[in-house]
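> Have a look at this one.
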Amino acid sequence: MALRRPVRPVQYNALSCSCQVGLLLASALLVGCAGAPGAGESGAQRRLDTVGRQYRPAGERPVLPQLEERGQFDQFVLYAVLNNPQVAAAYHAWAASVHRITVERSRPDPRLTLQASIADMALMALMAGVMTDVPSAGKRAAAGDIATAESQAKYFTFEARVLQSAFALRKVRYQLDALDTKIAIMHETARLLAQLEKLALVQNEVGRAPMQDVLQARIERARLASDIANLDDSRDALLAQFKAALGIPAGAVAPPVSAMPVPSPPAMTADRLLELALERNPRLKAMQAEVAAAQGSLQLARKSARSDFSVGLEADWKASPIMLQPSLGVSVPIWRAKTKAQIAAAQANKAEANARLSAEQIALAVEIAEKTFMSREATRQLALLGGSLPRMASGALALAQSGYSGGKSDFNSVIDAQKVLLELRLAQSEASLQRELALAELSILVVATVPPGATFNKAIP
């Protein structure tokens with residue numbers, strides 16, 4: 001019979017075993033503290049990366065395009081969008097909100113603990129460990145959804161700023177062109193008045209007209225010169241607005257003036273414009289995201305009645321063998337009135353967000369109706385003023401001058417005819433300005449049609 005070898009008892013290394021158990025539990029507490037990003041967070045980060053590569057590559061403003069006198073308007077739009085501080089502020093607010101999603105949906109940071117027991121000035125026990133809080137199921141996800149919705153609202157606010165920047169530059173450029181047109185019309189009228197003054201002098205010399213006609217012509221010329229001076233002076237204010245629209249500081253060198261932008265397309269029907277606006281308007285989209293954030297806050301408030309947990313592990317390194325002390329804590333949400341108030345407040349916030357969204361939709365419909373009316377009215381005015389009226393006014397002025405030269409009409413008839421022609425030409429310029437502004441506002445601000453030069457903000461949907 002074979003002899004059996006005596007079985008030697010297994011000797012456990014208490015320190016090694018305790019450390020392994022402690023490390024396993026600590027790993028369980030620490031693994032996934034950040035958690036995996038959700039679809040909303042990943043999409044927001046991709047959108048931020050895409051826009052950031054064009055708007056703020058490496059976190060810095062890119063090289064601005066060179067502005068040239070009468071240069072392409074698209075380059076000026078790009079310059080304005082890249083350089084406008086309000087657009088930059090909206091971008092950075094959006095970027096911060098994207099990063100906040102990770103903060104809100106991540107698990108709480110673990111806490112390292114250290115306790116000591118001392119008796120008679122001697123260290124009796126040394127407890128070191130780790131603890132962490134564990135929110136109840138769904139709370140972190142709800143917090144992440146709220147942050148995601150708030151980030152979407154910030155993005156659409158940034159998009160609205162981009163469009164506002166492009167529209168502001170377009171608006172002031174149209175105003176400058178209209179001002180130059182008015183000044184040119186008035187200078188031409190001033191030359192006409194100078195001719196009328198000479199005619200009045202001739203008529204006065206031959207005894208066909210009193211000196212009063214000459215003085216009246218001089219008075220009209222003085223008034224017109226004052227109006228021209230005022231318009232020339234107002235051009236400085238418009239140039240300052242043009243400079244501000246480009247984001248150029250007050251003390252910097254004034255920029256050159258761009259070429260005129262491409263005219264806006266004719267307005268669609270109000271129903272079609274409203275349909276597109278409800279689908280694309282960034283103000284509405286921001287408010288829709290705010291409604292989603294309010295809904296997430298309501299869900300989180302309802303979860304406040306659930307208990308949260310805290311787990312931990314401590315080891316007494318003075319004991320032999322080392323002693324492990326796991327711990328578990330549970331919050332007890334006993335204040336039902338507090339929970340009820342949180343839910344009621346969240347419901348009220350959601351109702352407020354829905355009401356503001358409805359109000360904005362109504363306001364948008366009214367705005368579309370007003371702007372489409374303005375564009376149609378200006379178009380009719382242009383058709384009238386660009387047709388036979390100016391020709392008839394010019395003919396009436398020529399007849400009045402001829403009649404005055406022949407002594408068949410008085411000087412007031414000539415002045416009145418000249419004023420009618422001036423008013424028609426100024427009205428034509430003003431109608432053209434109002435039409436372009438109405439169409440541009442409908443296209444850019446209401447329907448969110450991104451003009452050339454500012455297309456980088458259309459990133460991942």
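Identifiers in the structure tokens: chain A, B, ... in order shown; residue index from 1 per chain; ligand index from 1 in order shown.
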I'd like the contact shell of segment 290-297 of chain A - 7 Å cut-off, only C-alpha atoms, skipping same-chain residues fewer than 2 positions apart - returned as a list in words.

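Skipping anything fewer than 2 positions along the chain leaves Ala142, Asp145, Ile146, Ala149, Glu150, Ala153, Ala286, Met287, Gln288, Gln299, Leu300, Ala301, Ala346, Asn349, Lys350, Ala353 and Asn354 of chain A.
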
> If you keep all heavy atoms, can you produce a file of those selected residues as a compact mmCIF listing (two decimals), in the first residue's frame?


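Final output, saved to result_22.txt:
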```
# COMPACT_ATOMS: atom_id res chain seq x y z
N ALA A 142 -31.33 61.30 -15.82
CA ALA A 142 -32.21 62.45 -15.93
C ALA A 142 -31.43 63.76 -15.89
O ALA A 142 -31.70 64.70 -16.65
CB ALA A 142 -33.24 62.42 -14.80
N ASP A 145 -29.90 64.23 -19.22
CA ASP A 145 -30.88 64.67 -20.23
C ASP A 145 -31.17 66.16 -20.09
O ASP A 145 -31.33 66.87 -21.10
CB ASP A 145 -32.17 63.87 -20.06
CG ASP A 145 -32.01 62.40 -20.46
OD1 ASP A 145 -31.02 62.10 -21.17
OD2 ASP A 145 -32.84 61.58 -20.05
N ILE A 146 -31.26 66.64 -18.86
CA ILE A 146 -31.50 68.08 -18.64
C ILE A 146 -30.34 68.89 -19.22
O ILE A 146 -30.54 69.87 -19.94
CB ILE A 146 -31.67 68.37 -17.15
CG1 ILE A 146 -32.93 67.70 -16.60
CG2 ILE A 146 -31.74 69.88 -16.89
CD1 ILE A 146 -33.04 67.76 -15.09
N ALA A 149 -30.45 68.92 -23.04
CA ALA A 149 -31.47 69.84 -23.57
C ALA A 149 -31.02 71.29 -23.41
O ALA A 149 -31.20 72.11 -24.32
CB ALA A 149 -32.79 69.61 -22.86
N GLU A 150 -30.43 71.61 -22.27
CA GLU A 150 -29.93 72.97 -22.07
C GLU A 150 -28.81 73.30 -23.06
O GLU A 150 -28.71 74.43 -23.54
CB GLU A 150 -29.44 73.14 -20.63
CG GLU A 150 -30.56 73.11 -19.60
CD GLU A 150 -30.04 73.13 -18.17
OE1 GLU A 150 -28.82 72.89 -17.99
OE2 GLU A 150 -30.84 73.38 -17.25
N ALA A 153 -30.38 74.20 -26.34
CA ALA A 153 -30.88 75.57 -26.31
C ALA A 153 -29.73 76.56 -26.52
O ALA A 153 -29.87 77.56 -27.24
CB ALA A 153 -31.59 75.84 -24.99
N ALA A 286 -34.64 76.86 -29.73
CA ALA A 286 -34.09 77.06 -28.39
C ALA A 286 -35.18 76.89 -27.33
O ALA A 286 -34.96 76.27 -26.29
CB ALA A 286 -33.44 78.44 -28.29
N MET A 287 -36.36 77.42 -27.62
CA MET A 287 -37.45 77.28 -26.65
C MET A 287 -37.95 75.85 -26.57
O MET A 287 -38.34 75.37 -25.49
CB MET A 287 -38.59 78.23 -27.03
CG MET A 287 -38.26 79.69 -26.78
SD MET A 287 -39.70 80.76 -26.98
CE MET A 287 -39.01 82.31 -26.40
N GLN A 288 -37.95 75.13 -27.69
CA GLN A 288 -38.32 73.72 -27.65
C GLN A 288 -37.33 72.92 -26.80
O GLN A 288 -37.73 72.01 -26.05
CB GLN A 288 -38.38 73.16 -29.08
CG GLN A 288 -39.54 73.68 -29.89
CD GLN A 288 -39.42 73.38 -31.37
OE1 GLN A 288 -38.41 72.84 -31.83
NE2 GLN A 288 -40.42 73.74 -32.14
N GLN A 299 -38.98 65.02 -14.41
CA GLN A 299 -38.67 63.61 -14.18
C GLN A 299 -37.69 63.45 -13.01
O GLN A 299 -37.85 62.55 -12.18
CB GLN A 299 -38.07 62.98 -15.45
CG GLN A 299 -39.07 62.89 -16.60
CD GLN A 299 -38.43 62.34 -17.86
OE1 GLN A 299 -37.21 62.18 -17.93
NE2 GLN A 299 -39.24 62.09 -18.87
N LEU A 300 -36.70 64.33 -12.94
CA LEU A 300 -35.74 64.26 -11.85
C LEU A 300 -36.42 64.57 -10.51
O LEU A 300 -36.11 63.95 -9.49
CB LEU A 300 -34.60 65.24 -12.10
CG LEU A 300 -33.45 65.22 -11.10
CD1 LEU A 300 -32.80 63.85 -11.04
CD2 LEU A 300 -32.41 66.28 -11.44
N ALA A 301 -37.35 65.53 -10.52
CA ALA A 301 -38.06 65.86 -9.28
C ALA A 301 -38.88 64.67 -8.78
O ALA A 301 -38.97 64.42 -7.58
CB ALA A 301 -38.95 67.07 -9.50
N ALA A 346 -41.34 71.98 -10.61
CA ALA A 346 -40.92 71.50 -11.93
C ALA A 346 -42.09 71.52 -12.91
O ALA A 346 -41.92 71.86 -14.09
CB ALA A 346 -40.36 70.09 -11.80
N ASN A 349 -42.55 75.11 -13.96
CA ASN A 349 -41.50 75.51 -14.90
C ASN A 349 -41.78 74.96 -16.30
O ASN A 349 -41.56 75.65 -17.31
CB ASN A 349 -40.14 75.03 -14.41
CG ASN A 349 -39.64 75.83 -13.23
OD1 ASN A 349 -40.01 76.98 -13.04
ND2 ASN A 349 -38.80 75.21 -12.41
N LYS A 350 -42.26 73.73 -16.35
CA LYS A 350 -42.59 73.15 -17.65
C LYS A 350 -43.75 73.89 -18.30
O LYS A 350 -43.74 74.17 -19.51
CB LYS A 350 -42.93 71.67 -17.49
CG LYS A 350 -43.25 70.98 -18.82
CD LYS A 350 -43.66 69.54 -18.63
CE LYS A 350 -44.06 68.92 -19.97
NZ LYS A 350 -44.53 67.54 -19.82
N ALA A 353 -42.46 77.11 -19.68
CA ALA A 353 -41.70 76.91 -20.92
C ALA A 353 -42.64 76.66 -22.10
O ALA A 353 -42.43 77.19 -23.20
CB ALA A 353 -40.72 75.75 -20.75
N ASN A 354 -43.68 75.85 -21.88
CA ASN A 354 -44.65 75.60 -22.95
C ASN A 354 -45.39 76.88 -23.32
O ASN A 354 -45.65 77.14 -24.51
CB ASN A 354 -45.65 74.53 -22.50
CG ASN A 354 -45.12 73.12 -22.73
OD1 ASN A 354 -44.58 72.82 -23.78
ND2 ASN A 354 -45.26 72.27 -21.73
```

> When you look at Leu123 of chain A with a cut-off of 12 Å (counting only C-alpha atoms), what residues show up, excluding the ones that are within fewer than 3 positions of it in the same chain? I need them as a VMD selection string.

chain A and resid 115 to 120 126 to 127 316 to 319

> Using only N, CA, C and O atoms, please write the residues we just selected to a file, as a PDB file, in the first residue's frame.


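Output file part.pdb is given in full below:
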```
ATOM      1  N   GLN A 115      -9.305  57.158   9.621  1.00  0.00           N
ATOM      2  CA  GLN A 115      -9.682  57.287  11.021  1.00  0.00           C
ATOM      3  C   GLN A 115      -8.609  56.629  11.888  1.00  0.00           C
ATOM      4  O   GLN A 115      -7.974  55.660  11.475  1.00  0.00           O
ATOM      5  N   ALA A 116      -8.438  57.158  13.077  1.00  0.00           N
ATOM      6  CA  ALA A 116      -7.454  56.591  14.009  1.00  0.00           C
ATOM      7  C   ALA A 116      -8.069  56.507  15.401  1.00  0.00           C
ATOM      8  O   ALA A 116      -8.865  57.368  15.789  1.00  0.00           O
ATOM      9  N   SER A 117      -7.725  55.430  16.120  1.00  0.00           N
ATOM     10  CA  SER A 117      -8.132  55.268  17.528  1.00  0.00           C
ATOM     11  C   SER A 117      -6.877  55.342  18.386  1.00  0.00           C
ATOM     12  O   SER A 117      -5.920  54.586  18.162  1.00  0.00           O
ATOM     13  N   ILE A 118      -6.877  56.270  19.332  1.00  0.00           N
ATOM     14  CA  ILE A 118      -5.695  56.488  20.177  1.00  0.00           C
ATOM     15  C   ILE A 118      -6.113  56.348  21.628  1.00  0.00           C
ATOM     16  O   ILE A 118      -7.109  56.931  22.071  1.00  0.00           O
ATOM     17  N   ALA A 119      -5.361  55.539  22.360  1.00  0.00           N
ATOM     18  CA  ALA A 119      -5.583  55.350  23.807  1.00  0.00           C
ATOM     19  C   ALA A 119      -4.244  55.416  24.522  1.00  0.00           C
ATOM     20  O   ALA A 119      -3.277  54.764  24.093  1.00  0.00           O
ATOM     21  N   ASP A 120      -4.195  56.226  25.590  1.00  0.00           N
ATOM     22  CA  ASP A 120      -2.946  56.385  26.335  1.00  0.00           C
ATOM     23  C   ASP A 120      -1.799  56.795  25.422  1.00  0.00           C
ATOM     24  O   ASP A 120      -0.672  56.277  25.514  1.00  0.00           O
ATOM     25  N   LEU A 126      -5.920  52.045  12.983  1.00  0.00           N
ATOM     26  CA  LEU A 126      -5.753  52.977  11.868  1.00  0.00           C
ATOM     27  C   LEU A 126      -6.632  52.487  10.720  1.00  0.00           C
ATOM     28  O   LEU A 126      -6.344  51.467  10.097  1.00  0.00           O
ATOM     29  N   MET A 127      -7.741  53.203  10.509  1.00  0.00           N
ATOM     30  CA  MET A 127      -8.722  52.792   9.517  1.00  0.00           C
ATOM     31  C   MET A 127      -8.591  53.681   8.273  1.00  0.00           C
ATOM     32  O   MET A 127      -8.760  54.902   8.350  1.00  0.00           O
ATOM     33  N   ASP A 316      -8.532  48.150   8.795  1.00  0.00           N
ATOM     34  CA  ASP A 316      -7.748  48.477   9.992  1.00  0.00           C
ATOM     35  C   ASP A 316      -6.353  47.897   9.807  1.00  0.00           C
ATOM     36  O   ASP A 316      -6.124  46.694   9.940  1.00  0.00           O
ATOM     37  N   TRP A 317      -5.412  48.769   9.479  1.00  0.00           N
ATOM     38  CA  TRP A 317      -4.067  48.306   9.156  1.00  0.00           C
ATOM     39  C   TRP A 317      -3.264  47.953  10.412  1.00  0.00           C
ATOM     40  O   TRP A 317      -2.179  47.365  10.297  1.00  0.00           O
ATOM     41  N   LYS A 318      -3.786  48.278  11.601  1.00  0.00           N
ATOM     42  CA  LYS A 318      -3.087  47.906  12.832  1.00  0.00           C
ATOM     43  C   LYS A 318      -3.469  46.513  13.306  1.00  0.00           C
ATOM     44  O   LYS A 318      -2.747  45.911  14.108  1.00  0.00           O
ATOM     45  N   ALA A 319      -4.620  46.021  12.848  1.00  0.00           N
ATOM     46  CA  ALA A 319      -5.081  44.705  13.305  1.00  0.00           C
ATOM     47  C   ALA A 319      -4.287  43.605  12.619  1.00  0.00           C
ATOM     48  O   ALA A 319      -3.779  43.772  11.508  1.00  0.00           O
TER      49      ALA A 319
END
```

> Near Ser405 of chain A, within 10 Å and counting only C-alpha atoms, which residues show up once chain neighbours fewer than 2 positions away are dropped, as a list in words?

Leu199, Ala200, Val202, Gln203, Arg208, Ala209, Leu399, Ala400, Gln401, Ser402, Gly403, Gly407, Lys408, Ser409, Asp410 and Phe411 of chain A

> So which residues touch Leu278 of chain A within 12 Å, counting only C-alpha atoms, skipping near sequence neighbours fewer than 2 positions away, as a PyMOL selection string?

chain A and resi 271-276+280-288+357-358+360-365+368+446-448

> Kindly give the distance, in Å, that separates atom CA of Thr339 of chain A and atom CA of Ser304 of chain A, rounded to a single decimal.

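Going from atom CA of Thr339 of chain A over to atom CA of Ser304 of chain A, I get 6.4 Å.
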
> Closest to Ala305 of chain A among A:Ala137, A:Lys198, A:Asn84, A:Leu179, using only C-alpha atoms?

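The closest residue to Ala305 of chain A is A:Ala137.
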
> Using DSSP on the backbone coordinates, identify the residues of segment 38-132 of chain A assigned to strand (DSSP E); present them as a list of chain:residue names.

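The residues of segment 38-132 of chain A classed as strand (DSSP E) are A:Arg111, A:Leu112, A:Thr113, A:Leu114, A:Gln115, A:Ala116, A:Ser117, A:Ile118, A:Ala119, A:Ala122, A:Leu123, A:Met124, A:Ala125, A:Leu126, A:Met127, A:Ala128, A:Gly129, A:Val130, A:Met131, A:Thr132.
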
> Would you please give, as a ChimeraX atom specification, all residues of segment 134-320 of chain A that DSSP assigns to alpha helix (DSSP H) based on the backbone?

/A:139-205,211-245,270-280,282-302

> When you draw a straight line from atom CA of Gln241 of chain A to atom CA of Pro263 of chain A, how long is it in Å?

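Going from atom CA of Gln241 of chain A over to atom CA of Pro263 of chain A covers 20.6 Å.
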
> For Trp94 of chain A, find every residue with an atom within 9 Å (counting only C-alpha atoms), except residues of its own chain fewer than 2 positions away, and show them as a VMD selection string.

chain A and resid 48 89 to 92 96 to 99 150 to 158

> I need the chosen residues saved as a PDB file, in the first residue's frame, with N, CA and C atoms.


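Below is the file selection09.pdb, written as the result:
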```pdb
ATOM      1  N   LEU A  48     -20.003  70.208 -31.510  1.00  0.00           N
ATOM      2  CA  LEU A  48     -19.058  71.205 -31.000  1.00  0.00           C
ATOM      3  C   LEU A  48     -17.705  71.065 -31.683  1.00  0.00           C
ATOM      4  N   ALA A  89     -19.376  85.107 -27.481  1.00  0.00           N
ATOM      5  CA  ALA A  89     -19.920  84.825 -26.153  1.00  0.00           C
ATOM      6  C   ALA A  89     -20.938  83.692 -26.211  1.00  0.00           C
ATOM      7  N   ALA A  90     -21.800  83.702 -27.232  1.00  0.00           N
ATOM      8  CA  ALA A  90     -22.790  82.637 -27.376  1.00  0.00           C
ATOM      9  C   ALA A  90     -22.113  81.297 -27.660  1.00  0.00           C
ATOM     10  N   TYR A  91     -21.033  81.324 -28.451  1.00  0.00           N
ATOM     11  CA  TYR A  91     -20.311  80.083 -28.739  1.00  0.00           C
ATOM     12  C   TYR A  91     -19.706  79.491 -27.470  1.00  0.00           C
ATOM     13  N   HIS A  92     -19.039  80.308 -26.682  1.00  0.00           N
ATOM     14  CA  HIS A  92     -18.388  79.792 -25.478  1.00  0.00           C
ATOM     15  C   HIS A  92     -19.414  79.330 -24.444  1.00  0.00           C
ATOM     16  N   ALA A  96     -19.425  75.517 -23.066  1.00  0.00           N
ATOM     17  CA  ALA A  96     -19.456  75.186 -21.641  1.00  0.00           C
ATOM     18  C   ALA A  96     -20.619  74.257 -21.318  1.00  0.00           C
ATOM     19  N   SER A  97     -21.769  74.499 -21.955  1.00  0.00           N
ATOM     20  CA  SER A  97     -22.938  73.654 -21.681  1.00  0.00           C
ATOM     21  C   SER A  97     -22.743  72.240 -22.199  1.00  0.00           C
ATOM     22  N   VAL A  98     -21.998  72.082 -23.292  1.00  0.00           N
ATOM     23  CA  VAL A  98     -21.709  70.734 -23.802  1.00  0.00           C
ATOM     24  C   VAL A  98     -20.850  69.967 -22.799  1.00  0.00           C
ATOM     25  N   HIS A  99     -19.825  70.605 -22.280  1.00  0.00           N
ATOM     26  CA  HIS A  99     -18.965  69.936 -21.302  1.00  0.00           C
ATOM     27  C   HIS A  99     -19.712  69.661 -19.997  1.00  0.00           C
ATOM     28  N   GLU A 150     -30.425  71.608 -22.271  1.00  0.00           N
ATOM     29  CA  GLU A 150     -29.927  72.975 -22.072  1.00  0.00           C
ATOM     30  C   GLU A 150     -28.814  73.296 -23.059  1.00  0.00           C
ATOM     31  N   SER A 151     -27.994  72.298 -23.380  1.00  0.00           N
ATOM     32  CA  SER A 151     -26.936  72.508 -24.368  1.00  0.00           C
ATOM     33  C   SER A 151     -27.525  72.765 -25.752  1.00  0.00           C
ATOM     34  N   GLN A 152     -28.601  72.054 -26.094  1.00  0.00           N
ATOM     35  CA  GLN A 152     -29.251  72.308 -27.381  1.00  0.00           C
ATOM     36  C   GLN A 152     -29.796  73.732 -27.442  1.00  0.00           C
ATOM     37  N   ALA A 153     -30.382  74.197 -26.342  1.00  0.00           N
ATOM     38  CA  ALA A 153     -30.877  75.571 -26.311  1.00  0.00           C
ATOM     39  C   ALA A 153     -29.732  76.560 -26.517  1.00  0.00           C
ATOM     40  N   LYS A 154     -28.588  76.302 -25.891  1.00  0.00           N
ATOM     41  CA  LYS A 154     -27.432  77.188 -26.051  1.00  0.00           C
ATOM     42  C   LYS A 154     -26.917  77.168 -27.490  1.00  0.00           C
ATOM     43  N   TYR A 155     -26.968  75.994 -28.127  1.00  0.00           N
ATOM     44  CA  TYR A 155     -26.514  75.923 -29.515  1.00  0.00           C
ATOM     45  C   TYR A 155     -27.396  76.793 -30.415  1.00  0.00           C
ATOM     46  N   PHE A 156     -28.707  76.684 -30.248  1.00  0.00           N
ATOM     47  CA  PHE A 156     -29.597  77.460 -31.100  1.00  0.00           C
ATOM     48  C   PHE A 156     -29.513  78.947 -30.782  1.00  0.00           C
ATOM     49  N   THR A 157     -29.158  79.292 -29.551  1.00  0.00           N
ATOM     50  CA  THR A 157     -28.892  80.694 -29.233  1.00  0.00           C
ATOM     51  C   THR A 157     -27.654  81.170 -29.988  1.00  0.00           C
ATOM     52  N   PHE A 158     -26.632  80.322 -30.051  1.00  0.00           N
ATOM     53  CA  PHE A 158     -25.432  80.643 -30.830  1.00  0.00           C
ATOM     54  C   PHE A 158     -25.785  80.800 -32.308  1.00  0.00           C
TER      55      PHE A 158
END
```

> Work out how far apart atom CA of Ala217 of chain A and atom CA of Ser388 of chain A are and give it in Å to one decimal.

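Pair atom CA of Ala217 of chain A / atom CA of Ser388 of chain A returns 27.5 Å.
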
> Fewer than 5 positions away in the same chain doesn't count, so skip those; otherwise give me all residues within 12 Å of Ile183 of chain A, counting only C-alpha atoms, as a PyMOL selection string.

chain A and resi 176-178+188-190+224-235+422+425-426+429

> Using only C-alpha atoms, which residue out of A:Ile322, A:Leu437, A:Met392, A:Ala141 lies closest to Gly38 of chain A?

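Ranked by minimum distance to Gly38 of chain A, first place goes to A:Ala141.
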